[in-house]
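Have a look at the structure below, then the notes.
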Amino acid sequence: MYPSTACSRIRPPPVSFVVLFLLLCASTIRTVTSDVVSDKSQVSMAFVPKFDNLVPFDQAISGANAAKNELSPNVGTLEYVAPPSADGSAEAQIDIVQRATMTDFSTILLSNNAGDDIEPSCVEAQEAGVDVVTWDSPIPGGTEGGEDVFIAQVDFDETGMIMAEMAYSILEGNGQFAILSASRRAANQNAWIQAM
């Protein structure tokens with residue numbers, strides 16, 4: 001899975017910082033890896049959260065837009081393209097990645113909710129010259145699965161251990177607890193659960 005970091009005890013950065021970092025990565029990847037696009041202002045990004053109308057993703061796109069405005073004119077377009085709800089979001093994300101590959105997007109910023117099912121679409125995107133930057137939830141296959149770079153907002157192993165410690169504390173060291181996840185395909189949540 002993804003390695004723990006030496007800085008795991010450092011307070012996580014604010015969402016806007018992570019998004020600014022994503023935008024800088026997307027701009028840099030496109031400029032360095034493509035002969036076709038040498039001007040950062042030509043970067044067009046599809047911002048793809050797991051699904052629409054969830055506060056963390058609303059905050060993320062708000063931070064992305066603020067970062068885009070701060071970086072302008074170095075960043076081209078940034079389009080929020082989200083599955084409408086959690087129901088069917090995995091299939092919708094695959095469709096969004098496929099459509100983004102066939103349009104003018106040069107970068108896809110993805111919070112993966114399709115598990116490894118999205119890998120073929122992301123590999124095809126890369127083969128078409130689209131950079132795939134994942135954030136929040138990675139593609140399980142990593143770079144082999146169509147991911148250029150993954151930006152983690154937390155250390156997955158430490159998050160799982162902290163969640164287990166919290167459950168143990170709530171139960172006062174005695175009893176059982178159930179683990180519920182938002183989606184069986186969410187790589188970030190699966191990694192947390194595995195670390196428990």
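Quick note on naming: the chains in the structure tokens go A, B, ... in the order shown, residues restart at 1 in each chain, and ligands are numbered from 1 in order of appearance.
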
Q: Enumerate, as an MDAnalysis selection string, the complete set of residues in range 24-190 of chain A that a backbone-based DSSP assignment places in strand (DSSP E).
A: chainID A and resid 45:48 78:80 107:110 131:135 149:151

(Q) Excluding Ala128 in chain A and its own-chain neighbours fewer than 5 positions away, which residues fall within 12 Å of it when counting only C-alpha atoms? Please give them as a PyMOL selection string. (A) chain A and resi 34+36+97-107+121-123+146
